[in-house]
Amino acid sequence: MKPFAIWVVLTLTLFGAISGAYHVYLRTNPRKILVAVDSSFSMNTVWPQIHRQLDAISDQRYASFCLVTEKNKVHSWSPTLQMGEIVPYAPRDFSKLSNPSLYTELAEADEKYLITDKEGAQSGNIGDWNVIRLMP
């Protein structure tokens with residue numbers, strides 16, 4: 001019984017040390033998640049759903065978030081997503097979302113999400129984005 005107890009103590013200690021080190025690593029090196037919200041006229045019908053989607057994305061642990069629209073940057077890297085006072089206006093133009101010189105965060109992001117409606121998901125070249133389609 002004594003060898004088993006020694007094995008259990010050593011195994012639990014090793015597991016705890018590795019888990020603790022990995023936790024510290026993830027806290028100091030969070031994944032960078034960029035979220036783009038389509039803020040065009042056609043989003044008016046699905047606009048109330050935006051907050052729910054942002055909350056679902058920001059529930060991820062060990063992550064830092066950047067929020068942009070296809071028109072401008074809302075905030076850079078932050079531990080939470082803060083919507084601010086975005087209102088849908090003007091037609092959509094996703095060309096800024098593929099230009100890292102306009103948004104430097106595009107090159108830094110590990111994951112990219114685009115929240116748009118059905119029409120927005122079908123337009124433009126959205127490449128390696130995870131598209132979240134909102135339905136009215």
# chains A, B, ... in the order shown; residues from 1 in each chain; ligands from 1

$ residues_around --residues "stretch 101-112 of chain A" --least-positions-apart "4" --cutoff "8 Å" --atoms "only C-alpha atoms" --output "list in words"
Arg31, Lys32, Ile33, Leu34, Val35, Ala36, Cys66, Lys73, Ser76, Lys96, Leu97, Asp128, Trp129 and Asn130 of chain A

$ select_by_dssp --residues "chain A" --states "alpha helix (DSSP H)" --output "VMD selection string"
chain A and resid 2 to 28 50 to 58 105 to 108 118 to 122

$ select_by_dssp --residues "stretch 15-132 of chain A" --states "strand (DSSP E)" --output "MDAnalysis selection string"
chainID A and resid 31:37 63:69 73:78 111:117 130:132

$ residues_around --residues "A:Ala56" --least-positions-apart "4" --cutoff "12 Å" --atoms "only C-alpha atoms" --output "PyMOL selection string"
chain A and resi 35+49-52+60-61+80-81+113+115+132

$ write_last_selection --atoms "C-alpha atoms" --output "PDB file, in the first residue's frame"
ATOM      1  CA  VAL A  35     -14.173  40.636 -33.725  1.00  0.00           C
ATOM      2  CA  GLN A  49     -28.695  40.144 -31.414  1.00  0.00           C
ATOM      3  CA  ILE A  50     -25.193  41.679 -31.521  1.00  0.00           C
ATOM      4  CA  HIS A  51     -24.759  41.934 -27.728  1.00  0.00           C
ATOM      5  CA  ARG A  52     -25.658  38.262 -27.263  1.00  0.00           C
ATOM      6  CA  GLN A  60     -13.664  32.390 -23.855  1.00  0.00           C
ATOM      7  CA  ARG A  61     -10.906  32.057 -21.259  1.00  0.00           C
ATOM      8  CA  THR A  80     -13.468  42.140 -22.568  1.00  0.00           C
ATOM      9  CA  LEU A  81     -15.514  43.196 -25.589  1.00  0.00           C
ATOM     10  CA  TYR A 113     -14.841  36.680 -36.233  1.00  0.00           C
ATOM     11  CA  ILE A 115     -20.704  39.237 -37.236  1.00  0.00           C
ATOM     12  CA  ILE A 132     -21.451  34.515 -37.651  1.00  0.00           C
TER      13      ILE A 132
END

$ residues_around --residues "A:Phe94" --least-positions-apart "5" --cutoff "12 Å" --atoms "only C-alpha atoms" --output "list in words"
Ala36, Val37, Asp38, Ser39, Ser40, Val68, Thr69, Glu70, Lys71, Asn72, Asn99, Leu114, Ile115, Thr116, Gly120, Ala121, Gln122, Ser123, Gly124, Asn125, Ile126, Gly127 and Trp129 of chain A

$ atom_distance --atom1 "atom CA of A:Ser95" --atom2 "atom CA of A:Asp117"
16.8 Å

$ residues_around --residues "A:Gly84" --least-positions-apart "3" --cutoff "10 Å" --atoms "only C-alpha atoms" --output "list in words"
Leu67, Val74, His75, Leu81 and Val87 of chain A

$ closest_residue --among "A:Phe4, A:Trp47, A:Pro136, A:Tyr62" --to "A:Tyr22" --atoms "only C-alpha atoms"
A:Tyr62

$ atom_distance --atom1 "atom CA of A:Leu54" --atom2 "atom CA of A:Tyr25"
25.3 Å

$ atom_distance --atom1 "atom CA of A:Pro91" --atom2 "atom CA of A:Thr45"
14.4 Å
